[in-house]
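One file, start-v3.cif, carrying mmCIF, C-alpha atoms:
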data_coords
loop_
_atom_site.label_atom_id
_atom_site.label_comp_id
_atom_site.auth_asym_id
_atom_site.auth_seq_id
_atom_site.Cartn_x
_atom_site.Cartn_y
_atom_site.Cartn_z
CA MET O 24 -11.26 -24.85 35.69
CA SER O 25 -7.89 -25.58 37.28
CA LYS O 26 -6.04 -23.09 39.47
CA ARG O 27 -3.34 -22.93 36.83
CA ALA O 28 -5.83 -22.16 34.06
CA LEU O 29 -7.34 -19.44 36.23
CA ARG O 30 -3.94 -17.99 37.00
CA MET O 31 -3.04 -17.95 33.32
CA GLY O 32 -6.35 -16.27 32.52
CA ARG O 33 -7.19 -19.11 30.12
CA ARG O 34 -10.80 -19.32 29.05
CA PRO O 35 -12.62 -22.58 29.64
CA GLY O 36 -12.80 -25.04 26.74
CA ASP O 37 -10.71 -26.51 23.97
CA PRO O 38 -7.09 -25.26 23.68
CA GLU O 39 -7.70 -25.06 19.91
CA VAL O 40 -10.45 -22.51 20.55
CA THR O 41 -8.01 -20.43 22.59
CA ARG O 42 -5.35 -20.78 19.90
CA ARG O 43 -7.74 -19.59 17.22
CA ALA O 44 -8.93 -16.72 19.42
CA ILE O 45 -5.32 -15.60 19.87
CA LEU O 46 -4.59 -15.77 16.13
CA ASP O 47 -7.78 -13.85 15.32
CA ALA O 48 -6.88 -11.25 17.94
CA THR O 49 -3.39 -11.03 16.44
CA ARG O 50 -4.71 -10.25 12.96
CA THR O 51 -7.16 -7.69 14.32
CA GLU O 52 -4.48 -6.02 16.44
CA PHE O 53 -1.96 -5.85 13.57
CA ALA O 54 -4.64 -4.58 11.18
CA GLU O 55 -5.74 -1.83 13.55
CA ALA O 56 -2.52 -0.82 15.27
CA GLY O 57 0.08 -1.68 12.60
CA TYR O 58 3.17 -3.76 13.27
CA GLU O 59 5.11 -1.26 15.33
CA ARG O 60 2.35 -0.35 17.72
CA ALA O 61 0.86 -3.85 18.10
CA THR O 62 1.64 -5.46 21.47
CA ILE O 63 1.36 -8.95 22.92
CA ARG O 64 -0.49 -7.34 25.83
CA ALA O 65 -3.17 -5.87 23.56
CA ILE O 66 -3.50 -9.14 21.62
CA ALA O 67 -3.93 -11.05 24.87
CA ALA O 68 -6.55 -8.56 26.04
CA ARG O 69 -8.51 -8.94 22.80
CA ALA O 70 -8.39 -12.74 23.11
CA GLY O 71 -9.30 -12.61 26.80
CA VAL O 72 -6.18 -14.46 27.91
CA ASP O 73 -3.05 -13.70 29.90
CA PRO O 74 -0.08 -12.21 27.94
CA ALA O 75 2.16 -14.94 29.41
CA LEU O 76 -0.01 -17.58 27.75
CA VAL O 77 0.36 -15.90 24.35
CA HIS O 78 4.10 -15.65 24.82
CA HIS O 79 4.36 -19.27 25.98
CA HIS O 80 2.50 -20.66 22.96
CA PHE O 81 3.65 -18.36 20.19
CA GLY O 82 6.94 -16.78 21.29
CA SER O 83 7.76 -13.18 20.32
CA LYS O 84 5.53 -10.61 18.65
CA GLU O 85 7.39 -11.36 15.41
CA ASP O 86 6.79 -15.13 15.69
CA LEU O 87 3.15 -14.49 16.40
CA PHE O 88 2.86 -12.23 13.37
CA VAL O 89 4.36 -14.87 11.05
CA THR O 90 2.17 -17.65 12.47
CA ALA O 91 -1.00 -15.58 12.15
CA HIS O 92 -0.26 -14.35 8.61
CA GLU O 93 1.59 -17.17 6.93
CA PHE O 94 -0.63 -17.09 3.86
CA PRO O 95 -2.42 -13.89 2.90
CA PHE O 96 -4.61 -16.18 0.80
CA ASN O 97 -4.51 -19.65 -0.61
CA PRO O 98 -2.64 -19.65 -3.96
CA SER O 99 -5.02 -22.38 -5.17
CA ILE O 100 -7.43 -19.62 -6.19
CA VAL O 101 -4.91 -18.61 -8.88
CA GLN O 102 -4.69 -22.21 -10.10
CA GLU O 103 -8.45 -22.42 -10.27
CA ALA O 104 -8.74 -19.07 -12.08
CA LEU O 105 -6.19 -20.09 -14.73
CA GLY O 106 -7.99 -23.40 -15.38
CA GLU O 107 -11.39 -24.02 -16.94
CA GLY O 108 -14.54 -22.49 -15.54
CA GLU O 109 -17.35 -20.01 -15.94
CA GLY O 110 -16.38 -16.51 -17.10
CA THR O 111 -12.85 -15.34 -17.96
CA PRO O 112 -9.76 -16.14 -15.86
CA GLY O 113 -9.56 -12.47 -14.84
CA GLU O 114 -13.16 -12.55 -13.66
CA ARG O 115 -12.68 -15.72 -11.60
CA LEU O 116 -9.43 -14.42 -10.11
CA ALA O 117 -10.81 -10.96 -9.29
CA ARG O 118 -13.94 -12.47 -7.75
CA SER O 119 -12.24 -15.06 -5.58
CA TYR O 120 -9.45 -12.71 -4.45
CA LEU O 121 -11.51 -9.59 -3.82
CA THR O 122 -14.32 -11.49 -2.10
CA ILE O 123 -11.73 -12.54 0.48
CA ALA O 124 -9.42 -9.51 0.50
CA LEU O 125 -12.03 -6.77 0.74
CA GLN O 126 -13.56 -8.42 3.79
CA ASP O 127 -10.67 -10.16 5.50
CA GLU O 128 -8.47 -8.34 7.99
CA GLN O 129 -5.53 -10.66 7.39
CA ILE O 130 -4.56 -9.31 3.96
CA GLU O 131 -5.10 -5.74 5.10
CA ALA O 132 -2.90 -6.37 8.12
CA LEU O 133 -0.10 -7.78 6.01
CA ILE O 134 -0.15 -4.88 3.53
CA ARG O 135 -0.31 -2.36 6.35
CA SER O 136 2.54 -3.97 8.24
CA ALA O 137 4.68 -4.47 5.11
CA ALA O 138 4.72 -0.69 4.68
CA THR O 139 6.69 -0.13 7.87
CA ASN O 140 8.20 -3.41 8.98
CA ASP O 141 10.96 -5.43 7.38
CA VAL O 142 9.74 -8.82 8.61
CA ALA O 143 6.30 -8.24 7.16
CA ARG O 144 7.75 -6.83 3.94
CA ASP O 145 10.01 -9.84 3.46
CA MET O 146 7.06 -12.13 4.06
CA LEU O 147 4.86 -10.37 1.53
CA ARG O 148 7.69 -10.23 -1.00
CA GLY O 149 8.42 -13.93 -0.44
CA PHE O 150 4.76 -14.75 -0.91
CA VAL O 151 4.38 -12.73 -4.14
CA GLN O 152 7.65 -13.97 -5.66
CA GLY O 153 7.35 -17.56 -4.46
CA ALA O 154 3.72 -18.56 -4.21
CA LEU O 155 2.63 -16.43 -7.18
CA LEU O 156 5.38 -15.54 -9.69
CA ASP O 157 7.55 -18.68 -9.39
CA ALA O 158 4.55 -20.96 -9.09
CA PHE O 159 2.54 -19.72 -12.09
CA GLU O 160 5.15 -18.18 -14.40
CA GLY O 161 5.11 -21.30 -16.62
CA GLN O 162 1.38 -20.95 -17.24
CA ILE O 163 1.59 -17.37 -18.55
CA GLU O 164 2.51 -16.99 -22.23
CA GLY O 165 4.41 -14.13 -23.85
CA PRO O 166 7.29 -11.89 -22.76
CA ASP O 167 7.64 -10.34 -19.29
CA ALA O 168 5.42 -12.99 -17.71
CA ARG O 169 6.69 -12.29 -14.17
CA LEU O 170 6.30 -8.54 -14.57
CA ARG O 171 2.78 -8.91 -15.94
CA MET O 172 1.74 -11.18 -13.07
CA ALA O 173 3.18 -8.66 -10.61
CA LEU O 174 1.23 -5.84 -12.31
CA ALA O 175 -1.96 -7.89 -11.99
CA ALA O 176 -1.17 -8.36 -8.29
CA ALA O 177 -0.47 -4.59 -8.09
CA GLN O 178 -3.98 -3.83 -9.40
CA LEU O 179 -5.52 -6.13 -6.78
CA ILE O 180 -3.35 -4.91 -3.90
CA GLY O 181 -4.10 -1.32 -4.97
CA VAL O 182 -7.84 -1.98 -4.69
CA VAL O 183 -7.39 -3.35 -1.16
CA MET O 184 -5.28 -0.26 -0.29
CA MET O 185 -7.93 2.12 -1.66
CA ARG O 186 -10.81 0.36 0.06
CA ARG O 187 -9.43 -0.77 3.41
CA ILE O 188 -6.43 1.44 4.10
CA VAL O 189 -6.92 4.81 2.38
CA GLY O 190 -10.74 4.54 2.47
CA VAL O 191 -11.48 6.33 -0.82
CA ASP O 192 -15.25 6.87 -0.94
CA ALA O 193 -15.98 5.48 -4.41
CA VAL O 194 -14.14 2.22 -3.65
CA VAL O 195 -15.58 1.83 -0.13
CA GLU O 196 -19.14 2.30 -1.40
CA ALA O 197 -18.93 0.06 -4.50
CA ASP O 198 -20.33 -3.49 -4.60
CA VAL O 199 -17.62 -6.11 -4.75
CA GLU O 200 -19.20 -7.44 -7.95
CA THR O 201 -19.00 -4.00 -9.63
CA ILE O 202 -15.30 -3.83 -8.79
CA VAL O 203 -14.83 -7.40 -10.09
CA GLU O 204 -16.38 -6.44 -13.45
CA ARG O 205 -14.11 -3.40 -13.79
CA VAL O 206 -10.95 -5.19 -12.70
CA ALA O 207 -11.40 -8.50 -14.58
CA PRO O 208 -10.35 -7.10 -18.02
CA VAL O 209 -7.23 -5.62 -16.38
CA LEU O 210 -6.20 -9.05 -15.08
CA ASN O 211 -6.93 -10.64 -18.47
CA HIS O 212 -4.81 -7.93 -20.12
CA HIS O 213 -1.84 -8.48 -17.81
CA LEU O 214 -2.09 -12.27 -17.87
CA GLY O 215 -2.55 -12.34 -21.66
CA ARG O 216 -5.92 -14.08 -21.42
CA ALA O 217 -8.70 -13.61 -23.93
CA ALA O 218 -11.54 -11.47 -22.68
CA GLY O 219 -14.24 -13.76 -24.15
CA MET G 28 27.64 33.64 11.18
CA SER G 29 25.86 35.10 14.21
CA LYS G 30 26.10 33.57 17.67
CA ARG G 31 22.43 32.76 17.47
CA ALA G 32 22.79 30.99 14.15
CA LEU G 33 25.68 28.99 15.58
CA ARG G 34 23.76 28.15 18.73
CA MET G 35 20.81 26.96 16.63
CA GLY G 36 23.14 24.83 14.50
CA ARG G 37 22.00 26.70 11.39
CA ARG G 38 24.17 26.23 8.35
CA PRO G 39 25.55 29.31 6.64
CA GLY G 40 23.66 30.63 3.64
CA ASP G 41 20.15 31.28 2.43
CA PRO G 42 17.34 30.35 4.88
CA GLU G 43 15.48 28.92 1.87
CA VAL G 44 18.32 26.43 1.35
CA THR G 45 17.97 25.34 4.97
CA ARG G 46 14.19 25.11 4.61
CA ARG G 47 14.51 22.91 1.55
CA ALA G 48 17.16 20.75 3.24
CA ILE G 49 14.78 20.19 6.17
CA LEU G 50 11.86 19.29 3.91
CA ASP G 51 14.04 16.90 1.87
CA ALA G 52 15.30 15.33 5.10
CA THR G 53 11.70 15.01 6.31
CA ARG G 54 10.64 13.08 3.22
CA THR G 55 13.69 10.82 3.42
CA GLU G 56 13.16 10.15 7.12
CA PHE G 57 9.43 9.37 6.72
CA ALA G 58 10.18 7.16 3.70
CA GLU G 59 12.83 5.17 5.53
CA ALA G 60 11.55 5.08 9.09
CA GLY G 61 7.78 5.34 8.56
CA TYR G 62 5.56 7.82 10.38
CA GLU G 63 5.67 6.28 13.82
CA ARG G 64 9.43 5.88 14.05
CA ALA G 65 10.38 9.17 12.34
CA THR G 66 11.67 11.80 14.75
CA ILE G 67 12.38 15.53 14.56
CA ARG G 68 15.82 14.73 15.98
CA ALA G 69 16.65 12.35 13.10
CA ILE G 70 15.29 14.81 10.52
CA ALA G 71 17.42 17.60 11.99
CA ALA G 72 20.49 15.34 11.92
CA ARG G 73 19.90 14.49 8.24
CA ALA G 74 19.54 18.19 7.39
CA GLY G 75 22.56 19.12 9.51
CA VAL G 76 20.62 21.54 11.72
CA ASP G 77 19.56 21.76 15.34
CA PRO G 78 16.24 20.04 16.25
CA ALA G 79 15.10 23.28 17.90
CA LEU G 80 15.39 25.06 14.56
CA VAL G 81 13.18 22.46 12.88
CA HIS G 82 10.63 22.74 15.66
CA HIS G 83 10.70 26.53 15.54
CA HIS G 84 10.07 26.74 11.79
CA PHE G 85 7.74 23.82 11.24
CA GLY G 86 6.10 22.98 14.57
CA SER G 87 5.31 19.38 15.49
CA LYS G 88 6.30 16.20 13.65
CA GLU G 89 2.75 16.10 12.31
CA ASP G 90 2.91 19.68 10.99
CA LEU G 91 6.24 18.94 9.38
CA PHE G 92 4.84 15.84 7.71
CA VAL G 93 1.91 17.77 6.23
CA THR G 94 4.14 20.62 5.00
CA ALA G 95 6.63 18.25 3.39
CA HIS G 96 4.01 16.07 1.70
CA GLU G 97 1.18 18.41 0.82
CA PHE G 98 1.03 17.19 -2.77
CA PRO G 99 2.23 13.70 -3.61
CA PHE G 100 2.36 15.00 -7.19
CA ASN G 101 1.03 17.90 -9.17
CA PRO G 102 -2.52 17.10 -10.38
CA SER G 103 -1.77 19.05 -13.55
CA ILE G 104 -0.25 15.86 -14.98
CA VAL G 105 -3.77 14.39 -15.03
CA GLN G 106 -5.10 17.46 -16.82
CA GLU G 107 -2.34 17.20 -19.40
CA ALA G 108 -2.88 13.46 -19.87
CA LEU G 109 -6.63 13.93 -20.48
CA GLY G 110 -6.00 16.66 -23.05
CA GLU G 111 -4.44 16.41 -26.51
CA GLY G 112 -0.94 15.04 -27.04
CA GLU G 113 1.23 12.25 -28.32
CA GLY G 114 0.13 8.69 -27.52
CA THR G 115 -3.00 7.72 -25.57
CA PRO G 116 -4.16 9.44 -22.36
CA GLY G 117 -3.26 6.28 -20.41
CA GLU G 118 0.25 6.33 -21.84
CA ARG G 119 0.82 9.98 -21.00
CA LEU G 120 -0.61 9.56 -17.49
CA ALA G 121 1.34 6.36 -16.76
CA ARG G 122 4.55 7.91 -18.06
CA SER G 123 4.34 11.20 -16.21
CA TYR G 124 3.14 9.62 -12.95
CA LEU G 125 5.47 6.62 -12.87
CA THR G 126 8.52 8.62 -13.95
CA ILE G 127 8.03 10.66 -10.78
CA ALA G 128 6.60 8.07 -8.41
CA LEU G 129 9.05 5.25 -9.07
CA GLN G 130 11.97 7.56 -8.34
CA ASP G 131 10.62 10.05 -5.82
CA GLU G 132 10.70 9.31 -2.11
CA GLN G 133 7.80 11.63 -1.38
CA ILE G 134 5.06 9.43 -2.84
CA GLU G 135 6.58 6.34 -1.27
CA ALA G 136 6.71 8.10 2.10
CA LEU G 137 3.07 9.10 1.91
CA ILE G 138 1.88 5.58 0.97
CA ARG G 139 4.06 4.05 3.66
CA SER G 140 2.86 6.45 6.32
CA ALA G 141 -0.81 6.20 5.27
CA ALA G 142 -0.68 2.51 6.12
CA THR G 143 -0.13 3.14 9.82
CA ASN G 144 -0.96 6.74 10.59
CA ASP G 145 -4.34 8.48 10.58
CA VAL G 146 -3.00 11.93 9.67
CA ALA G 147 -1.18 10.58 6.63
CA ARG G 148 -4.16 8.42 5.66
CA ASP G 149 -6.55 11.37 5.85
CA MET G 150 -4.15 13.42 3.73
CA LEU G 151 -3.85 10.74 1.05
CA ARG G 152 -7.61 10.17 1.06
CA GLY G 153 -8.20 13.91 0.81
CA PHE G 154 -5.78 14.15 -2.08
CA VAL G 155 -7.29 11.24 -4.03
CA GLN G 156 -10.90 12.31 -3.42
CA GLY G 157 -10.31 16.05 -3.82
CA ALA G 158 -7.46 16.68 -6.24
CA LEU G 159 -8.27 13.65 -8.42
CA LEU G 160 -11.87 12.36 -8.20
CA ASP G 161 -13.69 15.65 -7.56
CA ALA G 162 -11.44 17.58 -9.93
CA PHE G 163 -11.64 15.29 -12.97
CA GLU G 164 -14.94 13.44 -12.53
CA GLY G 165 -16.62 15.72 -15.08
CA GLN G 166 -14.10 14.79 -17.76
CA ILE G 167 -14.72 11.04 -17.50
CA GLU G 168 -17.68 9.68 -19.45
CA GLY G 169 -19.87 6.70 -18.58
CA PRO G 170 -21.15 5.20 -15.33
CA ASP G 171 -19.08 4.80 -12.15
CA ALA G 172 -16.65 7.55 -13.19
CA ARG G 173 -15.34 8.07 -9.63
CA LEU G 174 -14.89 4.35 -9.05
CA ARG G 175 -13.06 3.91 -12.36
CA MET G 176 -10.71 6.81 -11.63
CA ALA G 177 -10.00 5.32 -8.21
CA LEU G 178 -9.27 1.92 -9.81
CA ALA G 179 -6.82 3.61 -12.20
CA ALA G 180 -5.16 5.23 -9.19
CA ALA G 181 -5.16 1.81 -7.49
CA GLN G 182 -3.20 0.31 -10.39
CA LEU G 183 -0.62 3.10 -10.18
CA ILE G 184 -0.35 3.04 -6.38
CA GLY G 185 -0.05 -0.77 -6.56
CA VAL G 186 2.93 -0.46 -8.91
CA VAL G 187 4.65 1.93 -6.49
CA MET G 188 3.91 -0.50 -3.63
CA MET G 189 5.36 -3.45 -5.55
CA ARG G 190 8.47 -1.59 -6.65
CA ARG G 191 9.39 0.63 -3.73
CA ILE G 192 7.75 -0.92 -0.68
CA VAL G 193 7.42 -4.68 -1.22
CA GLY G 194 10.38 -4.83 -3.63
CA VAL G 195 9.08 -7.58 -5.93
CA ASP G 196 11.97 -8.55 -8.23
CA ALA G 197 10.20 -8.34 -11.62
CA VAL G 198 8.90 -4.83 -10.87
CA VAL G 199 12.17 -3.56 -9.37
CA GLU G 200 14.17 -4.76 -12.38
CA ALA G 201 11.81 -3.54 -15.12
CA ASP G 202 12.45 -0.35 -17.15
CA VAL G 203 9.97 2.38 -16.32
CA GLU G 204 9.02 2.50 -20.02
CA THR G 205 8.20 -1.24 -20.07
CA ILE G 206 5.89 -0.74 -17.08
CA VAL G 207 4.33 2.32 -18.78
CA GLU G 208 3.51 0.24 -21.88
CA ARG G 209 1.89 -2.51 -19.80
CA VAL G 210 -0.06 -0.14 -17.55
CA ALA G 211 -1.26 2.39 -20.18
CA PRO G 212 -4.07 0.16 -21.58
CA VAL G 213 -5.28 -0.42 -18.00
CA LEU G 214 -5.64 3.33 -17.43
CA ASN G 215 -7.37 3.75 -20.81
CA HIS G 216 -9.76 0.94 -19.85
CA HIS G 217 -10.65 2.46 -16.49
CA LEU G 218 -10.91 6.00 -17.82
CA GLY G 219 -12.95 4.90 -20.85
CA ARG G 220 -10.39 6.24 -23.31
CA ALA G 221 -9.77 4.75 -26.74
CA ALA G 222 -6.56 2.76 -27.01
CA GLY G 223 -5.64 4.23 -30.41
#

So that I can check it, write out the structure of this file as structure tokens.
Amino acid sequence: MSKRALRMGRRPGDPEVTRRAILDATRTEFAEAGYERATIRAIAARAGVDPALVHHHFGSKEDLFVTAHEFPFNPSIVQEALGEGEGTPGERLARSYLTIALQDEQIEALIRSAATNDVARDMLRGFVQGALLDAFEGQIEGPDARLRMALAAAQLIGVVMMRRIVGVDAVVEADVETIVERVAPVLNHHLGRAAG
Amino acid sequence: MSKRALRMGRRPGDPEVTRRAILDATRTEFAEAGYERATIRAIAARAGVDPALVHHHFGSKEDLFVTAHEFPFNPSIVQEALGEGEGTPGERLARSYLTIALQDEQIEALIRSAATNDVARDMLRGFVQGALLDAFEGQIEGPDARLRMALAAAQLIGVVMMRRIVGVDAVVEADVETIVERVAPVLNHHLGRAAG
């Protein structure tokens, strides 16, 4: 380990490992502390590196937030759900989204931060309007397609809120698959997909 | 106006008017600034009173928050929706809740604050588990009654998130009644109520 690496507090090994450790620490810190209270110092401490290193590689707290949270999930799961496959579209969408969202800190962190911070809110709004509504509007038949897609997203985001943020007992204790079964018909209703 | 009232910055008139002005200012401040950034000083400025007066009557920022937000809405609307009336239970519940929640800052403030503050989160959790799940569980037939009620609440809270916090275009621009029509069957589904 070089003197410089030691001075910077860098851990031995691949820079990519360090980078990933910092991004993981960022998501954890934002999820736990919220945007306002999160600090570069705390993120660096979680990742076991020097704050100056974090700042050097990622810039400001805001830059770091955007880099760590660019996609709350991959929109390809919507494409896959709307295509052919086993079960209904609502079932496939609920399963692939909730399997990620109910376990992943990244989506929780974004929702949490969007509630109090304009940068995070703009990012989440941009994601919902761009990567979801604009991207899939043409595949949804009937009137109010954008509204109905947003209401489907509202059901899913509400479940994440109830489970990971508010911590309502019945939602925390339920199996993901039980929630999927209850939520799938709601998504089919909003998206105008047959239940069969 | 007495010297004391002047010194305290109290406005002339009924103390109840002042009290209500402070509570309104509290909800506005928490809705706009979020729990962490809200201050007694800013609340007092909004209400046009001295910060010392706010502190004297309501105690800490935390106390003030709890007093101003004790009920995000009156649970009697659930009782009324589950009883007899025009339209389906889901329609009545969606209409009475969303008519309040999409316009009222109080519910927005509570959701916003619950995302980053433990006091607010515990209050929202207590409200959902106590005033909703415990109170109405016995009126919902079938398995997973608590979970299904929480999923209905998740749909409604998600709509408020999308409209007032994230600001997704399609939800912001929609008539409340259009949203009610789209959301009512979801509530009937979760609550096991007939659609007819």

Find the nearest atom pair between each residue of chain G and chain O for residues within 8 Å, count all atoms listed in the file, give distances in Å to one decimal, sort rows by chain and ascending number, and present the table as a Markdown table.
| residue | atom | partner | partner_atom | distance |
| --- | --- | --- | --- | --- |
| G:Ala60 | CA | O:Thr139 | CA | 7.2 |
| G:Gly61 | CA | O:Thr139 | CA | 5.6 |
| G:Glu63 | CA | O:Glu59 | CA | 7.7 |
| G:Ile138 | CA | O:Ala138 | CA | 7.8 |
| G:Arg139 | CA | O:Ala138 | CA | 4.9 |
| G:Ser140 | CA | O:Ala138 | CA | 7.6 |
| G:Ala141 | CA | O:Val189 | CA | 6.9 |
| G:Ala142 | CA | O:Arg135 | CA | 4.9 |
| G:Thr143 | CA | O:Gly57 | CA | 5.6 |
| G:Arg148 | CA | O:Val189 | CA | 5.6 |
| G:Asp149 | CA | O:Val189 | CA | 7.4 |
| G:Leu151 | CA | O:Val189 | CA | 6.8 |
| G:Arg152 | CA | O:Val189 | CA | 5.6 |
| G:Val155 | CA | O:Val191 | CA | 7.2 |
| G:Gln156 | CA | O:Val191 | CA | 6.5 |
| G:Arg173 | CA | O:Ala193 | CA | 5.9 |
| G:Leu174 | CA | O:Ala193 | CA | 4.9 |
| G:Arg175 | CA | O:Arg205 | CA | 7.5 |
| G:Ala177 | CA | O:Val194 | CA | 6.9 |
| G:Leu178 | CA | O:Val182 | CA | 6.6 |
| G:Ala180 | CA | O:Gly181 | CA | 7.9 |
| G:Ala181 | CA | O:Gly181 | CA | 4.2 |
| G:Gln182 | CA | O:Gln178 | CA | 4.3 |
| G:Leu183 | CA | O:Gly181 | CA | 7.7 |
| G:Ile184 | CA | O:Gly181 | CA | 5.9 |
| G:Gly185 | CA | O:Ala177 | CA | 4.1 |
| G:Val186 | CA | O:Ala177 | CA | 5.4 |
| G:Met188 | CA | O:Ala177 | CA | 7.5 |
| G:Met189 | CA | O:Ala177 | CA | 6.5 |
| G:Ile192 | CA | O:Ala138 | CA | 6.2 |
| G:Val193 | CA | O:Arg148 | CA | 5.6 |
| G:Gly194 | CA | O:Arg148 | CA | 6.6 |
| G:Val195 | CA | O:Arg148 | CA | 5.8 |
| G:Asp196 | CA | O:Gln152 | CA | 7.4 |
| G:Ala197 | CA | O:Leu170 | CA | 4.9 |
| G:Val198 | CA | O:Leu170 | CA | 5.8 |
| G:Ala201 | CA | O:Leu170 | CA | 7.5 |
| G:Arg209 | CA | O:His213 | CA | 7.3 |
| G:Val210 | CA | O:Leu174 | CA | 7.8 |
| G:Val213 | CA | O:Val209 | CA | 5.8 |
| G:His216 | CA | O:Val209 | CA | 7.8 |
| G:His217 | CA | O:Arg205 | CA | 7.3 |

Selection in question (the file shown): the PyMOL selection byres ((chain G and resi 73-79) around 9). Which residues does it include, as a JSON list (two decimals) with C-alpha atoms, in the coordinates of the input?
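The result, stored in expr-v3.json:
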[["chain", "number", "residue", "atom", "x", "y", "z"],
["G", 34, "ARG", "CA", 23.76, 28.15, 18.73],
["G", 35, "MET", "CA", 20.81, 26.96, 16.63],
["G", 36, "GLY", "CA", 23.14, 24.83, 14.50],
["G", 37, "ARG", "CA", 22.00, 26.70, 11.39],
["G", 38, "ARG", "CA", 24.17, 26.23, 8.35],
["G", 45, "THR", "CA", 17.97, 25.34, 4.97],
["G", 48, "ALA", "CA", 17.16, 20.75, 3.24],
["G", 49, "ILE", "CA", 14.78, 20.19, 6.17],
["G", 50, "LEU", "CA", 11.86, 19.29, 3.91],
["G", 51, "ASP", "CA", 14.04, 16.90, 1.87],
["G", 52, "ALA", "CA", 15.30, 15.33, 5.10],
["G", 53, "THR", "CA", 11.70, 15.01, 6.31],
["G", 55, "THR", "CA", 13.69, 10.82, 3.42],
["G", 56, "GLU", "CA", 13.16, 10.15, 7.12],
["G", 67, "ILE", "CA", 12.38, 15.53, 14.56],
["G", 68, "ARG", "CA", 15.82, 14.73, 15.98],
["G", 69, "ALA", "CA", 16.65, 12.35, 13.10],
["G", 70, "ILE", "CA", 15.29, 14.81, 10.52],
["G", 71, "ALA", "CA", 17.42, 17.60, 11.99],
["G", 72, "ALA", "CA", 20.49, 15.34, 11.92],
["G", 80, "LEU", "CA", 15.39, 25.06, 14.56],
["G", 81, "VAL", "CA", 13.18, 22.46, 12.88],
["G", 82, "HIS", "CA", 10.63, 22.74, 15.66],
["G", 83, "HIS", "CA", 10.70, 26.53, 15.54],
["G", 84, "HIS", "CA", 10.07, 26.74, 11.79]]

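With atom CA of O:Arg50 on one side and atom CA of O:Leu133 on the other, the separation reads 8.7 Å.
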
Take the PyMOL selection byres ((chain O and resi 105) around 10), apply it to the structure above, and return the hits as an mmCIF file with C-alpha atoms, keeping the file's coordinate frame.
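The resulting file, out29.cif, is shown below:
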data_model
loop_
_atom_site.group_PDB
_atom_site.id
_atom_site.type_symbol
_atom_site.label_atom_id
_atom_site.label_comp_id
_atom_site.auth_asym_id
_atom_site.auth_seq_id
_atom_site.Cartn_x
_atom_site.Cartn_y
_atom_site.Cartn_z
ATOM 1 C CA SER O 99 -5.020 -22.380 -5.170
ATOM 2 C CA ILE O 100 -7.430 -19.620 -6.190
ATOM 3 C CA VAL O 101 -4.910 -18.610 -8.880
ATOM 4 C CA GLN O 102 -4.690 -22.210 -10.100
ATOM 5 C CA GLU O 103 -8.450 -22.420 -10.270
ATOM 6 C CA ALA O 104 -8.740 -19.070 -12.080
ATOM 7 C CA GLY O 106 -7.990 -23.400 -15.380
ATOM 8 C CA GLU O 107 -11.390 -24.020 -16.940
ATOM 9 C CA GLY O 108 -14.540 -22.490 -15.540
ATOM 10 C CA THR O 111 -12.850 -15.340 -17.960
ATOM 11 C CA PRO O 112 -9.760 -16.140 -15.860
ATOM 12 C CA GLY O 113 -9.560 -12.470 -14.840
ATOM 13 C CA ARG O 115 -12.680 -15.720 -11.600
ATOM 14 C CA LEU O 116 -9.430 -14.420 -10.110
ATOM 15 C CA PHE O 159 2.540 -19.720 -12.090
ATOM 16 C CA GLN O 162 1.380 -20.950 -17.240
ATOM 17 C CA ILE O 163 1.590 -17.370 -18.550
ATOM 18 C CA LEU O 214 -2.090 -12.270 -17.870
ATOM 19 C CA ARG O 216 -5.920 -14.080 -21.420
#

Contacts of O:Glu114 at 7 Å (only C-alpha atoms; same-chain gap of 6+ positions) as a VMD selection string: chain O and resid 203 to 204 207

Export C-alpha atoms of the chosen residues as a PDB file, keeping the file's coordinate frame?
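So again_5.pdb came out as:
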ATOM      1  CA  VAL O 203     -14.830  -7.400 -10.090  1.00  0.00           C
ATOM      2  CA  GLU O 204     -16.380  -6.440 -13.450  1.00  0.00           C
ATOM      3  CA  ALA O 207     -11.400  -8.500 -14.580  1.00  0.00           C
TER       4      ALA O 207
END

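Take atom CA of O:Leu155 and atom CA of G:Leu129: the distance between them is 22.7 Å.
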
Around stretch 39-58 of chain G, with edges along x, y and z and 8 Å added on all six sides, what centre and edge lengths do you get, in Å to one decimal, as AutoDock Vina command-line options?
--center_x 17.5 --center_y 19.2 --center_z 4.2 --size_x 32.1 --size_y 40.1 --size_z 21.8

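One finds atom CA of G:Gln133 at 13.4 Å from atom CA of G:Arg47.
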
With all atoms listed in the file as the atoms that count, which of O:Pro166, O:Glu85, O:Tyr120, O:Pro38 lies nearest to O:Gly215? O:Pro166
